$ cat coords.csv   # CSV, C-alpha atoms
chain,number,residue,atom,x,y,z
A,100,MET,CA,-16.8,-10.5,9.4
A,101,SER,CA,-18.0,-7.5,7.4
A,102,GLY,CA,-19.1,-7.6,3.8
A,103,ILE,CA,-16.0,-5.9,2.6
A,104,LYS,CA,-14.3,-7.7,-0.3
A,105,ALA,CA,-10.7,-7.6,0.8
A,106,ILE,CA,-7.6,-7.3,-1.5
A,107,ASP,CA,-4.5,-9.1,-0.4
A,108,THR,CA,-1.5,-7.2,-1.8
A,109,VAL,CA,1.2,-9.7,-1.0
A,110,VAL,CA,0.7,-13.4,-2.0
A,111,ASN,CA,3.2,-16.0,-3.2
A,112,ILE,CA,2.1,-18.3,-6.1
A,113,TRP,CA,2.2,-21.8,-4.6
A,114,THR,CA,1.2,-24.2,-7.3
A,115,PRO,CA,3.2,-27.5,-7.6
A,116,GLU,CA,4.7,-26.0,-10.8
A,117,ALA,CA,5.9,-23.0,-9.0
A,118,LEU,CA,7.3,-25.0,-6.1
A,119,ALA,CA,9.2,-27.3,-8.5
A,120,GLY,CA,11.5,-24.3,-9.3
A,121,ARG,CA,12.2,-23.4,-5.7
A,122,PRO,CA,14.6,-24.9,-3.1
A,123,ASP,CA,12.9,-27.0,-0.5
A,124,ARG,CA,12.4,-24.8,2.6
A,125,THR,CA,9.7,-26.9,4.2
A,126,GLY,CA,11.5,-27.0,7.5
A,127,PHE,CA,11.9,-23.3,7.7
A,128,TYR,CA,8.3,-22.6,7.0
A,129,THR,CA,6.8,-25.3,9.2
A,130,GLU,CA,9.1,-25.0,12.2
A,131,LYS,CA,10.1,-21.3,12.2
A,132,MET,CA,7.1,-19.8,10.6
A,133,ARG,CA,4.5,-22.4,11.7
A,134,VAL,CA,3.0,-22.9,8.3
A,135,LYS,CA,0.8,-26.0,8.0
A,136,ALA,CA,2.9,-28.9,6.5
A,137,GLU,CA,0.1,-29.9,4.0
A,138,THR,CA,0.6,-26.6,2.2
A,139,PHE,CA,3.9,-27.8,0.9
A,140,ALA,CA,2.3,-30.3,-1.4
A,141,GLY,CA,1.3,-27.3,-3.4
A,142,VAL,CA,-1.8,-25.1,-3.7
A,143,THR,CA,-3.5,-25.1,-7.0
A,144,HIS,CA,-5.2,-21.9,-8.3
A,145,LYS,CA,-8.6,-23.5,-7.6
A,146,GLN,CA,-7.6,-24.3,-4.0
A,147,MET,CA,-6.2,-20.8,-3.4
A,148,LEU,CA,-9.4,-19.2,-4.7
A,149,GLU,CA,-11.4,-21.5,-2.4
A,150,ARG,CA,-9.3,-20.4,0.5
A,151,MET,CA,-9.7,-16.7,-0.5
A,152,ASP,CA,-13.4,-17.1,-0.8
A,153,ARG,CA,-13.7,-18.6,2.7
A,154,ALA,CA,-11.8,-15.6,4.1
A,155,GLY,CA,-13.7,-12.9,2.2
A,156,ILE,CA,-10.8,-12.0,-0.1
A,157,GLU,CA,-11.7,-11.0,-3.6
A,158,LYS,CA,-8.3,-10.4,-5.2
A,159,SER,CA,-4.7,-11.3,-4.6
A,160,PHE,CA,-1.5,-9.8,-6.0
A,161,LEU,CA,0.7,-12.7,-7.1
A,162,ILE,CA,4.5,-12.1,-6.9
A,163,ALA,CA,6.8,-13.3,-9.6
A,164,ALA,CA,9.5,-13.1,-7.0
A,165,LYS,CA,13.3,-12.9,-7.7
A,166,VAL,CA,14.9,-14.3,-4.6
A,167,GLY,CA,18.6,-13.7,-4.8
A,168,GLN,CA,21.0,-13.9,-7.8
A,169,ILE,CA,20.6,-17.1,-9.9
A,170,GLY,CA,23.6,-19.4,-9.4
A,171,HIS,CA,23.4,-20.2,-5.7
A,172,PRO,CA,21.3,-23.2,-4.7
A,173,ALA,CA,19.4,-21.1,-2.2
A,174,CYS,CA,18.2,-18.6,-4.8
A,175,TYR,CA,15.4,-18.8,-7.4
A,176,HIS,CA,13.3,-16.7,-9.7
A,177,VAL,CA,9.6,-17.3,-10.3
A,178,PRO,CA,9.1,-16.8,-14.1
A,179,TYR,CA,7.0,-13.8,-15.0
A,180,ARG,CA,5.1,-16.0,-17.4
A,181,LEU,CA,4.0,-18.3,-14.6
A,182,VAL,CA,2.2,-15.4,-12.8
A,183,ALA,CA,1.0,-14.0,-16.1
A,184,ASP,CA,-0.7,-17.3,-17.0
A,185,ALA,CA,-2.4,-17.3,-13.6
A,186,VAL,CA,-3.6,-13.7,-14.1
A,187,GLN,CA,-4.9,-14.6,-17.6
A,188,ALA,CA,-6.8,-17.6,-16.3
A,189,HIS,CA,-8.4,-15.6,-13.4
A,190,PRO,CA,-8.3,-11.9,-14.4
A,191,ASP,CA,-11.0,-11.0,-11.9
A,192,ARG,CA,-9.1,-12.6,-9.0
A,193,PHE,CA,-5.4,-12.4,-9.6
A,194,LEU,CA,-3.1,-9.5,-10.4
A,195,GLY,CA,0.7,-9.7,-11.1
A,196,LEU,CA,3.7,-8.1,-9.5
A,197,ALA,CA,7.2,-8.2,-11.2
A,198,GLY,CA,10.1,-9.3,-9.0
A,199,LEU,CA,13.4,-7.5,-9.3
A,200,ASP,CA,17.0,-8.5,-9.3
A,201,PRO,CA,19.4,-5.6,-9.2
A,202,THR,CA,22.3,-7.6,-10.6
A,203,GLU,CA,20.4,-7.9,-13.9
A,204,GLY,CA,20.9,-4.1,-14.6
A,205,MET,CA,19.1,-2.7,-17.6
A,206,THR,CA,18.1,-6.2,-18.8
A,207,GLY,CA,16.0,-6.4,-15.6
A,208,VAL,CA,14.6,-3.0,-16.2
A,209,ARG,CA,13.5,-3.9,-19.7
A,210,GLU,CA,11.9,-7.1,-18.4
A,211,LEU,CA,10.0,-5.1,-15.8
A,212,GLU,CA,8.7,-2.8,-18.6
A,213,HIS,CA,7.7,-5.9,-20.6
A,214,ALA,CA,5.8,-7.4,-17.7
A,215,VAL,CA,3.8,-4.2,-17.2
A,216,ARG,CA,3.1,-3.3,-20.8
A,217,GLU,CA,2.6,-6.8,-22.2
A,218,TYR,CA,1.5,-8.9,-19.3
A,219,GLY,CA,-0.5,-6.2,-17.5
A,220,PHE,CA,1.4,-6.5,-14.2
A,221,ILE,CA,0.4,-3.7,-11.8
A,222,GLY,CA,3.6,-3.1,-10.0
A,223,ALA,CA,7.1,-4.2,-8.9
A,224,HIS,CA,8.4,-6.1,-5.9
A,225,PHE,CA,11.8,-6.9,-4.4
A,226,TYR,CA,13.8,-8.2,-1.4
A,227,PRO,CA,16.7,-5.9,-0.5
A,228,HIS,CA,18.2,-8.5,1.9
A,229,TRP,CA,18.5,-11.3,-0.7
A,230,PHE,CA,21.0,-9.1,-2.5
A,231,GLU,CA,22.4,-7.4,0.6
A,232,LEU,CA,21.7,-4.1,-1.1
A,233,ALA,CA,19.8,-1.5,0.9
A,234,PRO,CA,16.8,0.2,-0.7
A,235,ASP,CA,18.8,3.4,-1.2
A,236,HIS,CA,21.6,1.6,-3.1
A,237,ALA,CA,22.3,3.0,-6.6
A,238,LYS,CA,21.6,-0.4,-8.2
A,239,TRP,CA,17.9,-0.1,-7.4
A,240,TYR,CA,17.6,3.4,-8.9
A,241,PRO,CA,17.1,2.4,-12.5
A,242,PHE,CA,14.1,0.3,-11.4
A,243,TYR,CA,12.7,3.2,-9.4
A,244,ALA,CA,13.0,5.5,-12.4
A,245,LYS,CA,11.2,2.9,-14.6
A,246,CYS,CA,8.4,2.5,-12.1
A,247,VAL,CA,7.9,6.3,-12.1
A,248,GLU,CA,7.8,6.3,-15.9
A,249,LEU,CA,5.3,3.4,-16.0
A,250,ASP,CA,3.3,4.9,-13.1
A,251,VAL,CA,3.3,1.7,-11.1
A,252,PRO,CA,4.0,1.2,-7.4
A,253,ILE,CA,6.9,-0.7,-6.0
A,254,GLN,CA,6.8,-2.8,-2.9
A,255,LEU,CA,9.8,-4.0,-1.0
A,256,GLN,CA,10.5,-5.9,2.2
A,257,VAL,CA,11.5,-3.7,5.1
A,258,GLY,CA,12.6,-4.7,8.6
A,259,GLN,CA,14.5,-7.8,9.7
A,260,SER,CA,15.3,-10.6,7.4
A,261,MET,CA,15.3,-14.2,8.5
A,262,VAL,CA,17.8,-17.0,7.8
A,263,TYR,CA,15.7,-18.6,5.2
A,264,ASP,CA,18.4,-21.0,4.1
A,265,PRO,CA,21.4,-21.9,6.4
A,266,ARG,CA,23.6,-22.1,3.3
A,267,TYR,CA,22.9,-18.4,2.5
A,268,PRO,CA,22.4,-16.2,5.6
A,269,ARG,CA,21.6,-12.6,4.6
A,270,ARG,CA,22.1,-9.3,6.5
A,271,SER,CA,19.0,-7.2,7.4
A,272,VAL,CA,19.7,-4.3,5.1
A,273,GLY,CA,16.1,-3.1,4.8
A,274,ARG,CA,15.9,-0.5,7.5
A,275,PRO,CA,12.8,1.6,6.8
A,276,ILE,CA,14.8,4.8,7.3
A,277,CYS,CA,16.5,4.0,3.9
A,278,LEU,CA,13.3,4.9,2.2
A,279,ASP,CA,13.8,8.5,3.2
A,280,ALA,CA,16.5,9.0,0.6
A,281,VAL,CA,14.5,7.1,-2.0
A,282,ALA,CA,11.4,9.1,-1.5
A,283,CYS,CA,13.3,12.4,-1.6
A,284,ASP,CA,15.1,11.4,-4.8
A,285,PHE,CA,11.9,10.0,-6.4
A,286,PRO,CA,9.0,12.0,-4.9
A,287,GLU,CA,6.6,10.6,-7.6
A,288,LEU,CA,7.5,7.0,-6.9
A,289,LYS,CA,4.8,5.1,-5.0
A,290,ILE,CA,6.6,2.9,-2.4
A,291,VAL,CA,5.1,0.2,-0.2
A,292,GLY,CA,7.3,-1.0,2.6
A,293,ILE,CA,5.9,-4.5,3.2
A,294,HIS,CA,6.3,-6.8,6.3
A,295,VAL,CA,5.4,-4.0,8.7
A,296,GLY,CA,9.0,-3.0,9.3
A,297,ILE,CA,9.5,-5.1,12.4
A,298,PRO,CA,11.5,-4.5,14.6
A,299,TRP,CA,11.8,-0.9,13.2
A,300,THR,CA,8.0,-0.3,12.8
A,301,ASP,CA,8.2,3.2,14.2
A,302,GLU,CA,10.7,4.1,11.5
A,303,MET,CA,8.3,2.7,8.9
A,304,ILE,CA,5.4,4.7,10.4
A,305,ALA,CA,7.6,7.8,10.3
A,306,MET,CA,8.4,7.4,6.6
A,307,ALA,CA,4.7,6.9,5.7
A,308,TRP,CA,3.8,9.9,7.7
A,309,LYS,CA,6.5,12.1,6.2
A,310,HIS,CA,6.2,11.2,2.5
A,311,ALA,CA,2.9,11.4,0.6
A,312,ASN,CA,3.8,8.4,-1.6
A,313,VAL,CA,5.1,6.0,1.0
A,314,TYR,CA,2.8,3.3,2.4
A,315,ILE,CA,3.0,0.3,4.6
A,316,GLY,CA,2.1,-3.4,3.9
A,317,SER,CA,0.7,-5.3,6.8
A,318,ASP,CA,1.8,-8.8,5.7
A,319,ALA,CA,4.0,-11.6,7.1
A,320,HIS,CA,3.3,-10.8,10.8
A,321,SER,CA,0.1,-12.0,12.5
A,322,PRO,CA,-2.2,-9.1,13.4
A,323,LYS,CA,-2.5,-10.3,17.0
A,324,TYR,CA,1.3,-9.6,17.4
A,325,TRP,CA,1.4,-6.2,15.6
A,326,PRO,CA,3.1,-3.5,17.6
A,327,PRO,CA,0.5,-1.2,19.3
A,328,SER,CA,1.9,1.8,17.5
A,329,PHE,CA,1.1,0.1,14.2
A,330,VAL,CA,-2.5,-0.7,15.2
A,331,HIS,CA,-2.9,2.9,16.3
A,332,PHE,CA,-1.5,4.2,13.0
A,333,ILE,CA,-4.0,2.1,11.0
A,334,ARG,CA,-7.0,3.3,13.0
A,335,SER,CA,-6.0,6.9,13.2
A,336,PHE,CA,-3.7,9.3,11.4
A,337,GLY,CA,-2.4,6.5,9.0
A,338,LYS,CA,-5.7,5.0,8.0
A,339,THR,CA,-5.1,5.9,4.3
A,340,LYS,CA,-1.5,4.7,4.3
A,341,VAL,CA,-1.6,0.9,5.1
A,342,LEU,CA,-2.5,-2.0,2.8
A,343,PHE,CA,-3.7,-5.4,3.8
A,344,GLY,CA,-1.6,-8.4,3.0
A,345,THR,CA,-0.7,-11.9,4.2
A,346,ASP,CA,2.4,-13.0,2.4
A,347,PHE,CA,0.6,-16.3,1.9
A,348,PRO,CA,1.5,-19.0,2.8
A,349,VAL,CA,3.4,-17.3,5.7
A,350,LEU,CA,0.0,-16.2,7.0
A,351,ASP,CA,-3.2,-18.1,6.5
A,352,PHE,CA,-6.0,-16.1,4.8
A,353,GLU,CA,-8.8,-17.1,7.2
A,354,ARG,CA,-6.8,-16.8,10.4
A,355,THR,CA,-5.4,-13.4,9.4
A,356,MET,CA,-8.9,-12.1,8.7
A,357,ALA,CA,-10.2,-13.4,12.0
A,358,GLU,CA,-7.3,-11.7,13.9
A,359,ILE,CA,-8.1,-8.4,12.1
A,360,ASP,CA,-11.7,-8.7,13.1
A,361,ALA,CA,-10.6,-9.0,16.7
A,362,LEU,CA,-8.8,-5.6,16.5
A,363,GLY,CA,-12.2,-3.9,16.5
A,364,PHE,CA,-11.5,-1.4,13.7
A,365,SER,CA,-14.4,0.9,12.7
A,366,ASP,CA,-16.2,0.2,9.4
A,367,GLU,CA,-14.4,3.2,7.8
A,368,VAL,CA,-11.0,1.9,8.8
A,369,ARG,CA,-11.7,-1.6,7.8
A,370,ALA,CA,-12.8,-0.5,4.3
A,371,LEU,CA,-9.7,1.6,3.8
A,372,PHE,CA,-7.3,-0.9,5.1
A,373,LEU,CA,-8.8,-4.1,3.5
A,374,ARG,CA,-9.6,-2.6,0.2
A,375,ASP,CA,-9.9,1.1,-0.6
A,376,ASN,CA,-6.3,2.0,-0.1
A,377,ALA,CA,-5.1,-0.7,-2.5
A,378,VAL,CA,-7.8,0.3,-5.1
A,379,ARG,CA,-6.6,3.9,-5.0
A,380,LEU,CA,-2.8,3.2,-5.0
A,381,TYR,CA,-2.9,0.6,-7.7
A,382,LYS,CA,-5.7,2.3,-9.7
A,383,LEU,CA,-7.7,-0.9,-9.7
A,384,ASP,CA,-10.9,1.1,-10.4
A,385,GLN,CA,-9.4,2.2,-13.7
A,386,ARG,CA,-8.6,-1.3,-15.0
$ encode --input "coords.csv" --output "structure tokens"
Amino acid sequence: MSGIKAIDTVVNIWTPEALAGRPDRTGFYTEKMRVKAETFAGVTHKQMLERMDRAGIEKSFLIAAKVGQIGHPACYHVPYRLVADAVQAHPDRFLGLAGLDPTEGMTGVRELEHAVREYGFIGAHFYPHWFELAPDHAKWYPFYAKCVELDVPIQLQVGQSMVYDPRYPRRSVGRPICLDAVACDFPELKIVGIHVGIPWTDEMIAMAWKHANVYIGSDAHSPKYWPPSFVHFIRSFGKTKVLFGTDFPVLDFERTMAEIDALGFSDEVRALFLRDNAVRLYKLDQR
């Protein structure tokens, strides 16, 4: 492993306090996603930092996720304050991302602004499929406009969605090609399509190649299973357009880093992918 201090751009807060506000999906994660069962007792900030240290990860972006519209037992929102407290306790290690719920309208837009201006969050995050609203749906547009105004990136899941809860199956509405309209309508908006875009990875690559402000997040899919076209993009003409992530606990920090090492990237590519692209996009060197 090289001496590069990695930045993980997609991490779920997993403390016992955070888990207490979520529906129990242990079976989905342990059986479908093969996450270790002991993780579901909760991971304290201290334990997460120890795991990050063992993997050579300096910073993690913690998501205050908004997972569906509140009211259904399968849905939940992580309070912004919970992530803000973690960032305040460990400002050199954690950074915050504000989850979005399009059904909240301008109330949600104002909450996003408060999270950025008052809590110091560095960007926004959302799941199109949890609301069955594609990225180019009009209900997302006020959030895009606010991100441009605040000059912060927005990351969103692209690609297939899973059946996370059998009580609430969701359609896969996050085709990467939907970002084409968004990037054309908001050319200043910095967009990160996370989760690689599988099974439409080539669409995601096309969007990142076409638009100056569209990037790809490498999280949620083990590097050893990445499509060859994605690996080629990282090491060649897309070396400045991909950000490292795990979607912890979906991917384990140490295992993910070991699998990246096995890909044999050059030192230049490793530095860009694991750290420099995130520093530049999120302006971490100006914080």
$ closest_residue --input "coords.csv" --among "A:Pro201, A:His213, A:Val257, A:Asp264" --to "Pro241 in chain A" --atoms "all atoms listed in the file"
A:Pro201
$ closest_residue --input "coords.csv" --among "A:His224, A:His189, A:Lys309, A:Lys158" --to "Asp107 in chain A" --atoms "only C-alpha atoms"
A:Lys158
$ residues_around --input "coords.csv" --residues "Val208 in chain A" --least-positions-apart "3" --cutoff "8 Å" --atoms "all atoms listed in the file" --output "list in words"
Glu203, Gly204, Met205, Leu211, Glu212, Pro241, Phe242 and Lys245 of chain A
$ closest_residue --input "coords.csv" --among "A:Ile297, A:Ala244, A:Ile221, A:Ile162" --to "Ala185 in chain A" --atoms "all atoms listed in the file"
A:Ile162
$ residues_around --input "coords.csv" --residues "Val295 in chain A" --least-positions-apart "3" --cutoff "7 Å" --atoms "only C-alpha atoms" --output "list in words"
Thr300, Ile315, Gly316, Ser317 and Asp318 of chain A
$ residues_around --input "coords.csv" --residues "Ala173 in chain A" --least-positions-apart "5" --cutoff "12 Å" --atoms "only C-alpha atoms" --output "JSON, numbers by chain"
{"A": [120, 121, 122, 123, 124, 165, 166, 167, 168, 229, 262, 263, 264, 265, 266, 267, 268, 269]}
$ write_last_selection --input "coords.csv" --atoms "C-alpha atoms" --output "PDB file, in the coordinates of the input"
ATOM      1  CA  GLY A 120      11.500 -24.300  -9.300  1.00  0.00           C
ATOM      2  CA  ARG A 121      12.200 -23.400  -5.700  1.00  0.00           C
ATOM      3  CA  PRO A 122      14.600 -24.900  -3.100  1.00  0.00           C
ATOM      4  CA  ASP A 123      12.900 -27.000  -0.500  1.00  0.00           C
ATOM      5  CA  ARG A 124      12.400 -24.800   2.600  1.00  0.00           C
ATOM      6  CA  LYS A 165      13.300 -12.900  -7.700  1.00  0.00           C
ATOM      7  CA  VAL A 166      14.900 -14.300  -4.600  1.00  0.00           C
ATOM      8  CA  GLY A 167      18.600 -13.700  -4.800  1.00  0.00           C
ATOM      9  CA  GLN A 168      21.000 -13.900  -7.800  1.00  0.00           C
ATOM     10  CA  TRP A 229      18.500 -11.300  -0.700  1.00  0.00           C
ATOM     11  CA  VAL A 262      17.800 -17.000   7.800  1.00  0.00           C
ATOM     12  CA  TYR A 263      15.700 -18.600   5.200  1.00  0.00           C
ATOM     13  CA  ASP A 264      18.400 -21.000   4.100  1.00  0.00           C
ATOM     14  CA  PRO A 265      21.400 -21.900   6.400  1.00  0.00           C
ATOM     15  CA  ARG A 266      23.600 -22.100   3.300  1.00  0.00           C
ATOM     16  CA  TYR A 267      22.900 -18.400   2.500  1.00  0.00           C
ATOM     17  CA  PRO A 268      22.400 -16.200   5.600  1.00  0.00           C
ATOM     18  CA  ARG A 269      21.600 -12.600   4.600  1.00  0.00           C
TER      19      ARG A 269
END
$ axis_aligned_box --input "coords.csv" --around "range 350-353 of chain A" --padding-each-side "6 Å" --output "AutoDock Vina command-line options"
--center_x -4.4 --center_y -17.1 --center_z 6.0 --size_x 20.8 --size_y 14.0 --size_z 14.4
$ atom_distance --input "coords.csv" --atom1 "CA of Ile112 in chain A" --atom2 "CA of Leu194 in chain A"
11.1 Å
$ atom_distance --input "coords.csv" --atom1 "CA of Leu199 in chain A" --atom2 "CA of Ala163 in chain A"
8.8 Å
$ closest_atom_pairs --input "coords.csv" --of "range 269-331 of chain A" --to "range 131-141 of chain A" --cutoff "12 Å" --atoms "all atoms listed in the file" --output "tab-separated table"
residue	atom	partner	partner_atom	distance
A:Ala319	CA	A:Met132	CA	9.4
A:His320	CA	A:Met132	CA	9.8
A:Ser321	CA	A:Met132	CA	10.7
$ closest_residue --input "coords.csv" --among "A:Ile103, A:Ala282, A:Tyr175, A:Glu287" --to "Asp200 in chain A" --atoms "all atoms listed in the file"
A:Tyr175
$ atom_distance --input "coords.csv" --atom1 "CA of Thr345 in chain A" --atom2 "CA of Val109 in chain A"
6.0 Å
$ closest_residue --input "coords.csv" --among "A:Leu232, A:Asp346, A:Lys145, A:Phe225" --to "Ala188 in chain A" --atoms "only C-alpha atoms"
A:Lys145
$ residues_around --input "coords.csv" --residues "Ala361 in chain A" --least-positions-apart "6" --cutoff "12 Å" --atoms "only C-alpha atoms" --output "number ranges by chain"
A: 100-101, 321-324, 330, 354-355, 369
$ closest_residue --input "coords.csv" --among "A:Pro115, A:Met261, A:His176, A:Phe285" --to "Tyr240 in chain A" --atoms "only C-alpha atoms"
A:Phe285
$ residues_around --input "coords.csv" --residues "range 365-368 of chain A" --least-positions-apart "4" --cutoff "12 Å" --atoms "only C-alpha atoms" --output "list in words"
Met100, Ser101, Gly102, Ile103, Val330, His331, Phe332, Ile333, Arg334, Ser335, Phe336, Gly337, Lys338, Thr339, Lys340, Val341, Leu342, Phe343, Ile359, Asp360, Ala361, Phe372, Leu373, Arg374, Asp375 and Asn376 of chain A
$ decode --input "coords.csv" --residues "range 285-302 of chain A" --atoms "N, CA, C and O atoms" --output "mmCIF file, in the first residue's frame"
data_model
loop_
_atom_site.group_PDB
_atom_site.id
_atom_site.type_symbol
_atom_site.label_atom_id
_atom_site.label_comp_id
_atom_site.auth_asym_id
_atom_site.auth_seq_id
_atom_site.Cartn_x
_atom_site.Cartn_y
_atom_site.Cartn_z
ATOM 1 N N PHE A 285 -27.851 22.760 -15.867
ATOM 2 C CA PHE A 285 -27.055 23.372 -14.800
ATOM 3 C C PHE A 285 -25.573 23.120 -15.068
ATOM 4 O O PHE A 285 -24.935 22.317 -14.366
ATOM 5 N N PRO A 286 -24.997 23.768 -16.066
ATOM 6 C CA PRO A 286 -23.598 23.488 -16.410
ATOM 7 C C PRO A 286 -22.615 23.816 -15.296
ATOM 8 O O PRO A 286 -21.504 23.279 -15.280
ATOM 9 N N GLU A 287 -23.007 24.669 -14.342
ATOM 10 C CA GLU A 287 -22.118 24.989 -13.214
ATOM 11 C C GLU A 287 -22.207 23.966 -12.087
ATOM 12 O O GLU A 287 -21.344 23.953 -11.200
ATOM 13 N N LEU A 288 -23.230 23.147 -12.105
ATOM 14 C CA LEU A 288 -23.454 22.186 -11.023
ATOM 15 C C LEU A 288 -22.430 21.065 -11.075
ATOM 16 O O LEU A 288 -22.239 20.424 -12.110
ATOM 17 N N LYS A 289 -21.790 20.798 -9.943
ATOM 18 C CA LYS A 289 -20.812 19.705 -9.853
ATOM 19 C C LYS A 289 -21.548 18.450 -9.397
ATOM 20 O O LYS A 289 -22.058 18.383 -8.268
ATOM 21 N N ILE A 290 -21.604 17.450 -10.273
ATOM 22 C CA ILE A 290 -22.410 16.241 -10.071
ATOM 23 C C ILE A 290 -21.494 15.029 -9.938
ATOM 24 O O ILE A 290 -20.589 14.823 -10.745
ATOM 25 N N VAL A 291 -21.764 14.200 -8.917
ATOM 26 C CA VAL A 291 -21.041 12.943 -8.751
ATOM 27 C C VAL A 291 -22.047 11.803 -8.798
ATOM 28 O O VAL A 291 -22.897 11.677 -7.907
ATOM 29 N N GLY A 292 -21.978 10.981 -9.835
ATOM 30 C CA GLY A 292 -22.823 9.800 -9.936
ATOM 31 C C GLY A 292 -22.157 8.664 -9.173
ATOM 32 O O GLY A 292 -21.166 8.100 -9.642
ATOM 33 N N ILE A 293 -22.689 8.339 -7.981
ATOM 34 C CA ILE A 293 -22.053 7.327 -7.147
ATOM 35 C C ILE A 293 -22.592 5.928 -7.457
ATOM 36 O O ILE A 293 -23.558 5.767 -8.192
ATOM 37 N N HIS A 294 -21.914 4.911 -6.917
ATOM 38 C CA HIS A 294 -22.251 3.500 -7.127
ATOM 39 C C HIS A 294 -21.893 3.014 -8.534
ATOM 40 O O HIS A 294 -22.471 2.049 -9.020
ATOM 41 N N VAL A 295 -20.979 3.694 -9.201
ATOM 42 C CA VAL A 295 -20.365 3.240 -10.467
ATOM 43 C C VAL A 295 -21.309 3.297 -11.668
ATOM 44 O O VAL A 295 -20.869 3.430 -12.795
ATOM 45 N N GLY A 296 -22.620 3.216 -11.436
ATOM 46 C CA GLY A 296 -23.565 3.214 -12.550
ATOM 47 C C GLY A 296 -23.947 1.836 -13.037
ATOM 48 O O GLY A 296 -24.695 1.700 -14.018
ATOM 49 N N ILE A 297 -23.467 0.808 -12.395
ATOM 50 C CA ILE A 297 -23.764 -0.569 -12.794
ATOM 51 C C ILE A 297 -25.267 -0.799 -12.797
ATOM 52 O O ILE A 297 -25.948 -0.404 -11.846
ATOM 53 N N PRO A 298 -25.851 -1.410 -13.822
ATOM 54 C CA PRO A 298 -25.239 -2.061 -14.986
ATOM 55 C C PRO A 298 -25.063 -1.144 -16.197
ATOM 56 O O PRO A 298 -24.785 -1.635 -17.288
ATOM 57 N N TRP A 299 -25.223 0.167 -16.000
ATOM 58 C CA TRP A 299 -25.091 1.122 -17.108
ATOM 59 C C TRP A 299 -23.812 1.940 -16.961
ATOM 60 O O TRP A 299 -23.807 3.159 -17.193
ATOM 61 N N THR A 300 -22.733 1.272 -16.606
ATOM 62 C CA THR A 300 -21.471 1.975 -16.349
ATOM 63 C C THR A 300 -20.986 2.748 -17.561
ATOM 64 O O THR A 300 -20.464 3.864 -17.427
ATOM 65 N N ASP A 301 -21.152 2.184 -18.748
ATOM 66 C CA ASP A 301 -20.687 2.894 -19.939
ATOM 67 C C ASP A 301 -21.458 4.195 -20.145
ATOM 68 O O ASP A 301 -20.905 5.178 -20.651
ATOM 69 N N GLU A 302 -22.740 4.219 -19.776
ATOM 70 C CA GLU A 302 -23.494 5.474 -19.810
ATOM 71 C C GLU A 302 -22.888 6.489 -18.854
ATOM 72 O O GLU A 302 -22.769 7.676 -19.179
#
